[in-house]
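J.: Pasting in a structure now, in structure tokens, and then I'll have a few things to ask.
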Amino acid sequence: MRSTPTGSRTRCNVTPLVDSHCHLNFDPLNAGLEDVFRRARDNGVGHMLCVSVTLETYPEIRAITHAHPNVFASVGVHPNEREGREPDVDELVQLACDERVVAIGETGLDYYRSQGDMTWQQERFRRHIRAAKASGRPLIIHTREAAADTLRIMREEGAGDIGGVMHCFTESQDVAHQALEQNFYISFSGIVTFRNAEALREVAKQVPVERLLVETDAPYLAPVPFRGKTNEPAYVKYVAECLAALRTTSLEDIAAHTTRNFFTLFRRAASLV
Ligand SMILES: [Zn+2]
Ligand SMILES: [Zn+2]
């Protein structure tokens with residue numbers, strides 16, 4: 001086929017989607033990555049961001065992103081990970097120098113899966129914010145049953161100076177508003193398609209379109225009609241379709257905005273395509 005100036009677009013001339021958060025190195029996705037990428041392409045997904053949860057498994061992500069130009073990396077340690085090595089600011093900044101690393105995370109607070117004295121989690125979160133500011137890579141923030149502390153620490157550390165995304169957003173309109181005020185984007189996952197997620201769908205209608213992102217968090221949280229199955233980047237299409245229906249616009253419009261937003265937020269990724 002003849003290449004045209006719109007060569008990065010699919011043959012239907014629709015802007016490709018970006019899955020802004022997935023875990024391609026996790027079972028069972030890692031066992032069939034070429035098929036995962038083919039199905040992503042067939043469903044109009046052009047790029048994906050493979051998100052780090054431990055320093056020990058980060059090299060797996062590095063390898064994937066260096067072998068596949070359509071996949072970007074983040075580096076960081078998930079708030080619920082207790083076994084692995086604790087990251088310090090210098091090490092995160094050093095790792096973020098890799099050309100495929102476009103973000104720091106996922107980091108944040110999760111008081112649902114971890115309980116007790118949460119000082120260790122808060123200190124880890126603060127180090128990630130400092131590393132993001134020092135490296136110029138925006139943050140991927142995970143928050144669960146910890147919204148007030150998450151927003152407070154973001155404010156105290158000046159997270160808005162570097163910005164980032166509140167990933168897999170499940171919080172209230174008020175929390176969304178406070179995150180938007182701090183220069184953050186809001187990313188919706190398959191949860192927004194779940195039958196009992198009426199309140200979240202109301203939030204998803206309100207987020208300004210220039211701050212909206214879509215993600216799968218694959219292999220978890222497959223959207224309807226695949227709820228309960230293994231999730232994969234191809235299914236980000238169903239998240240985008242849900243947002244399009246909620247906001248009475250087209251899939252093309254959601255794809256165009258969320259993809260532009262992704263490359264605006266993760267400036268580093270824009271320089272790699
Ligand atoms: Zn998360
Ligand atoms: Zn995740």
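Convention: chains lettered A, B, ... in structure tokens order; per-chain residue numbering from 1; ligands numbered from 1 as shown.
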Which residues sit within 7 Å of ligand 2, counting only C-alpha atoms and all ligand atoms, listed as a list in words?
T.: His21, Cys22, His23, Val51, Glu106 and Asp217 of chain A
J.: Could you pull the residues within 9 Å of stretch 163-172 of chain A, counting only C-alpha atoms, minus those fewer than 6 positions along the same chain, as a PyMOL selection string?
T.: chain A and resi 20-21+103-104+106+132-133+137-145+147+179+182-192+197+199-200+203+211+213-217+265-266
J.: Next, write the just-selected residues to a file, as a short mmCIF file (atom, residue, chain, number, x, y, z; two decimals), in the first residue's frame, keeping N, CA and C atoms as the atom set.
T.:
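Dumped everything to selection-v2.cif:
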data_model
loop_
_atom_site.label_atom_id
_atom_site.label_comp_id
_atom_site.auth_asym_id
_atom_site.auth_seq_id
_atom_site.Cartn_x
_atom_site.Cartn_y
_atom_site.Cartn_z
N SER A 20 -3.05 3.77 27.93
CA SER A 20 -2.11 4.55 28.74
C SER A 20 -1.61 3.80 29.98
N HIS A 21 -2.10 2.56 30.19
CA HIS A 21 -1.66 1.83 31.40
C HIS A 21 -1.96 0.34 31.24
N ALA A 103 7.55 7.94 31.99
CA ALA A 103 6.79 8.29 33.20
C ALA A 103 7.42 7.64 34.42
N ILE A 104 7.08 8.20 35.59
CA ILE A 104 7.46 7.60 36.87
C ILE A 104 6.21 7.02 37.52
N GLU A 106 4.04 2.85 38.64
CA GLU A 106 2.96 3.51 39.29
C GLU A 106 3.25 3.65 40.77
N ALA A 132 10.16 12.24 39.85
CA ALA A 132 9.47 12.72 38.65
C ALA A 132 9.89 14.16 38.35
N LYS A 133 9.93 14.98 39.38
CA LYS A 133 10.32 16.38 39.18
C LYS A 133 11.78 16.48 38.73
N ARG A 137 9.92 13.46 34.11
CA ARG A 137 8.95 12.45 33.64
C ARG A 137 7.69 12.54 34.51
N PRO A 138 6.52 12.73 33.90
CA PRO A 138 5.28 12.86 34.68
C PRO A 138 4.94 11.59 35.47
N LEU A 139 4.01 11.75 36.43
CA LEU A 139 3.66 10.69 37.38
C LEU A 139 2.46 9.87 36.93
N ILE A 140 2.50 8.58 37.24
CA ILE A 140 1.32 7.71 37.13
C ILE A 140 0.91 7.39 38.56
N ILE A 141 -0.26 7.93 38.98
CA ILE A 141 -0.67 7.82 40.38
C ILE A 141 -1.85 6.88 40.54
N HIS A 142 -1.67 5.95 41.48
CA HIS A 142 -2.68 4.97 41.87
C HIS A 142 -3.19 5.39 43.24
N THR A 143 -4.50 5.51 43.41
CA THR A 143 -5.04 5.83 44.74
C THR A 143 -6.28 5.00 45.00
N ARG A 144 -6.32 4.39 46.19
CA ARG A 144 -7.50 3.58 46.55
C ARG A 144 -7.76 3.74 48.05
N GLU A 145 -8.94 4.20 48.36
CA GLU A 145 -9.34 4.48 49.75
C GLU A 145 -8.31 5.35 50.47
N ALA A 147 -7.77 8.91 49.09
CA ALA A 147 -7.80 10.10 48.23
C ALA A 147 -7.30 11.35 48.96
N ALA A 179 -7.68 16.95 41.54
CA ALA A 179 -6.56 16.46 40.74
C ALA A 179 -6.38 17.31 39.49
N GLN A 182 -4.58 20.37 40.09
CA GLN A 182 -3.13 20.18 40.27
C GLN A 182 -2.45 19.76 38.96
N ASN A 183 -3.13 20.03 37.83
CA ASN A 183 -2.44 19.83 36.56
C ASN A 183 -2.43 18.37 36.13
N PHE A 184 -3.33 17.54 36.71
CA PHE A 184 -3.33 16.11 36.39
C PHE A 184 -4.41 15.75 35.39
N TYR A 185 -4.14 14.66 34.67
CA TYR A 185 -5.10 14.04 33.76
C TYR A 185 -5.85 12.95 34.53
N ILE A 186 -7.01 12.55 33.99
CA ILE A 186 -7.82 11.51 34.62
C ILE A 186 -7.99 10.37 33.60
N SER A 187 -7.58 9.16 34.01
CA SER A 187 -7.66 8.03 33.10
C SER A 187 -8.72 7.04 33.58
N PHE A 188 -9.59 6.63 32.64
CA PHE A 188 -10.64 5.67 32.95
C PHE A 188 -10.30 4.30 32.37
N SER A 189 -10.64 3.28 33.16
CA SER A 189 -10.38 1.89 32.78
C SER A 189 -11.72 1.20 32.51
N GLY A 190 -11.67 -0.13 32.35
CA GLY A 190 -12.88 -0.92 32.12
C GLY A 190 -13.91 -0.80 33.23
N ILE A 191 -13.50 -0.33 34.39
CA ILE A 191 -14.46 -0.18 35.50
C ILE A 191 -15.63 0.72 35.10
N VAL A 192 -15.35 1.69 34.23
CA VAL A 192 -16.40 2.64 33.84
C VAL A 192 -17.53 1.93 33.07
N ALA A 197 -21.32 0.89 38.15
CA ALA A 197 -20.42 2.05 38.19
C ALA A 197 -21.12 3.34 37.77
N ALA A 199 -22.10 5.99 39.43
CA ALA A 199 -21.52 7.23 39.96
C ALA A 199 -20.25 7.61 39.19
N LEU A 200 -19.44 6.59 38.87
CA LEU A 200 -18.21 6.85 38.12
C LEU A 200 -18.52 7.36 36.71
N VAL A 203 -18.99 10.96 36.79
CA VAL A 203 -17.70 11.67 36.83
C VAL A 203 -17.09 11.72 35.42
N ARG A 211 -8.32 16.65 29.24
CA ARG A 211 -7.61 16.00 30.36
C ARG A 211 -7.97 14.51 30.48
N LEU A 213 -7.89 10.48 29.59
CA LEU A 213 -7.09 9.38 29.04
C LEU A 213 -7.87 8.08 29.20
N VAL A 214 -7.48 7.06 28.42
CA VAL A 214 -8.09 5.73 28.54
C VAL A 214 -6.99 4.69 28.76
N GLU A 215 -7.37 3.62 29.45
CA GLU A 215 -6.41 2.57 29.78
C GLU A 215 -7.15 1.26 29.96
N THR A 216 -6.35 0.16 30.01
CA THR A 216 -6.94 -1.14 30.34
C THR A 216 -6.56 -1.60 31.76
N ASP A 217 -5.33 -1.28 32.22
CA ASP A 217 -4.75 -1.91 33.41
C ASP A 217 -4.67 -3.42 33.20
N LEU A 265 0.88 14.92 27.46
CA LEU A 265 1.34 14.68 28.83
C LEU A 265 2.71 14.02 28.84
N PHE A 266 2.84 12.92 28.11
CA PHE A 266 4.11 12.18 28.09
C PHE A 266 4.94 12.66 26.89
#
J.: Can you tell me, as number ranges by chain, which residues in stretch 45-156 of chain A count as alpha helix (DSSP H) by DSSP?
T.: A: 58-67, 89-96, 119-135, 147-156
J.: Please provide as a VMD selection string all residues within 7 Å of A:Phe125, with the sequence filter that same-chain residues fewer than 3 positions apart are discarded (counting only C-alpha atoms).
T.: chain A and resid 107 to 108 121 to 122 128 to 129
J.: With all heavy atoms kept, could you save the residues just selected as a short mmCIF file (atom, residue, chain, number, x, y, z; two decimals), in the first residue's frame?
T.:
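Written file, out39.cif:
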data_model
loop_
_atom_site.label_atom_id
_atom_site.label_comp_id
_atom_site.auth_asym_id
_atom_site.auth_seq_id
_atom_site.Cartn_x
_atom_site.Cartn_y
_atom_site.Cartn_z
N THR A 107 2.85 4.83 41.27
CA THR A 107 3.06 5.17 42.65
C THR A 107 1.76 5.71 43.21
O THR A 107 0.76 5.77 42.50
CB THR A 107 4.19 6.21 42.78
OG1 THR A 107 4.45 6.47 44.16
CG2 THR A 107 3.85 7.53 42.07
N GLY A 108 1.76 6.05 44.51
CA GLY A 108 0.55 6.56 45.11
C GLY A 108 0.30 5.91 46.44
O GLY A 108 1.24 5.49 47.13
N GLN A 121 4.45 3.82 53.01
CA GLN A 121 3.85 4.02 51.69
C GLN A 121 3.90 5.51 51.31
O GLN A 121 4.18 5.86 50.15
CB GLN A 121 2.40 3.54 51.74
CG GLN A 121 1.92 2.93 50.45
CD GLN A 121 0.49 2.45 50.53
OE1 GLN A 121 -0.43 3.24 50.73
NE2 GLN A 121 0.30 1.15 50.35
N GLN A 122 3.64 6.36 52.30
CA GLN A 122 3.64 7.80 52.03
C GLN A 122 5.05 8.29 51.68
O GLN A 122 5.23 9.11 50.78
CB GLN A 122 3.09 8.55 53.25
CG GLN A 122 1.62 8.21 53.50
CD GLN A 122 1.13 8.68 54.86
OE1 GLN A 122 1.86 9.31 55.61
NE2 GLN A 122 -0.11 8.36 55.18
N HIS A 128 8.87 9.13 44.85
CA HIS A 128 8.51 9.06 43.43
C HIS A 128 8.20 10.46 42.87
O HIS A 128 8.59 10.78 41.74
CB HIS A 128 7.30 8.13 43.22
CG HIS A 128 7.64 6.67 43.20
ND1 HIS A 128 7.88 5.96 44.34
CD2 HIS A 128 7.78 5.79 42.18
CE1 HIS A 128 8.14 4.69 44.02
NE2 HIS A 128 8.09 4.57 42.72
N ILE A 129 7.50 11.26 43.66
CA ILE A 129 7.18 12.62 43.18
C ILE A 129 8.47 13.42 42.98
O ILE A 129 8.65 14.11 41.96
CB ILE A 129 6.23 13.35 44.15
CG1 ILE A 129 4.89 12.61 44.25
CG2 ILE A 129 6.01 14.81 43.70
CD1 ILE A 129 3.94 13.15 45.32
#
J.: Write out as an MDAnalysis selection string the set of residues from stretch 46-238 of chain A that DSSP, computed on the backbone, places in strand (DSSP E or B).
T.: chainID A and resid 46:50 71:75 101:110 139:144 164:166 184:188 212:214 218
J.: Find the spatial neighbours of A:Asn231, counting only C-alpha atoms, within a cut-off of 6 Å - ignore same-chain residues fewer than 5 positions away - and output them as a ChimeraX atom specification.
T.: /A:218-220,222
J.: Leaving out stretch 246-250 of chain A and any residue of its chain fewer than 5 positions from it, which residues lie within 8 Å of it when counting only C-alpha atoms, given as number ranges by chain?
T.: A: 201, 204-205, 241
J.: Using the selection just defined, write its residues with C-alpha atoms as a PDB file, in the first residue's frame.
T.:
ATOM      1  CA  ARG A 201     -19.938   7.294  34.764  1.00  0.00           C
ATOM      2  CA  ALA A 204     -16.540  10.487  33.394  1.00  0.00           C
ATOM      3  CA  LYS A 205     -19.077  12.792  31.736  1.00  0.00           C
ATOM      4  CA  GLU A 241     -16.657   3.474  23.188  1.00  0.00           C
TER       5      GLU A 241
END
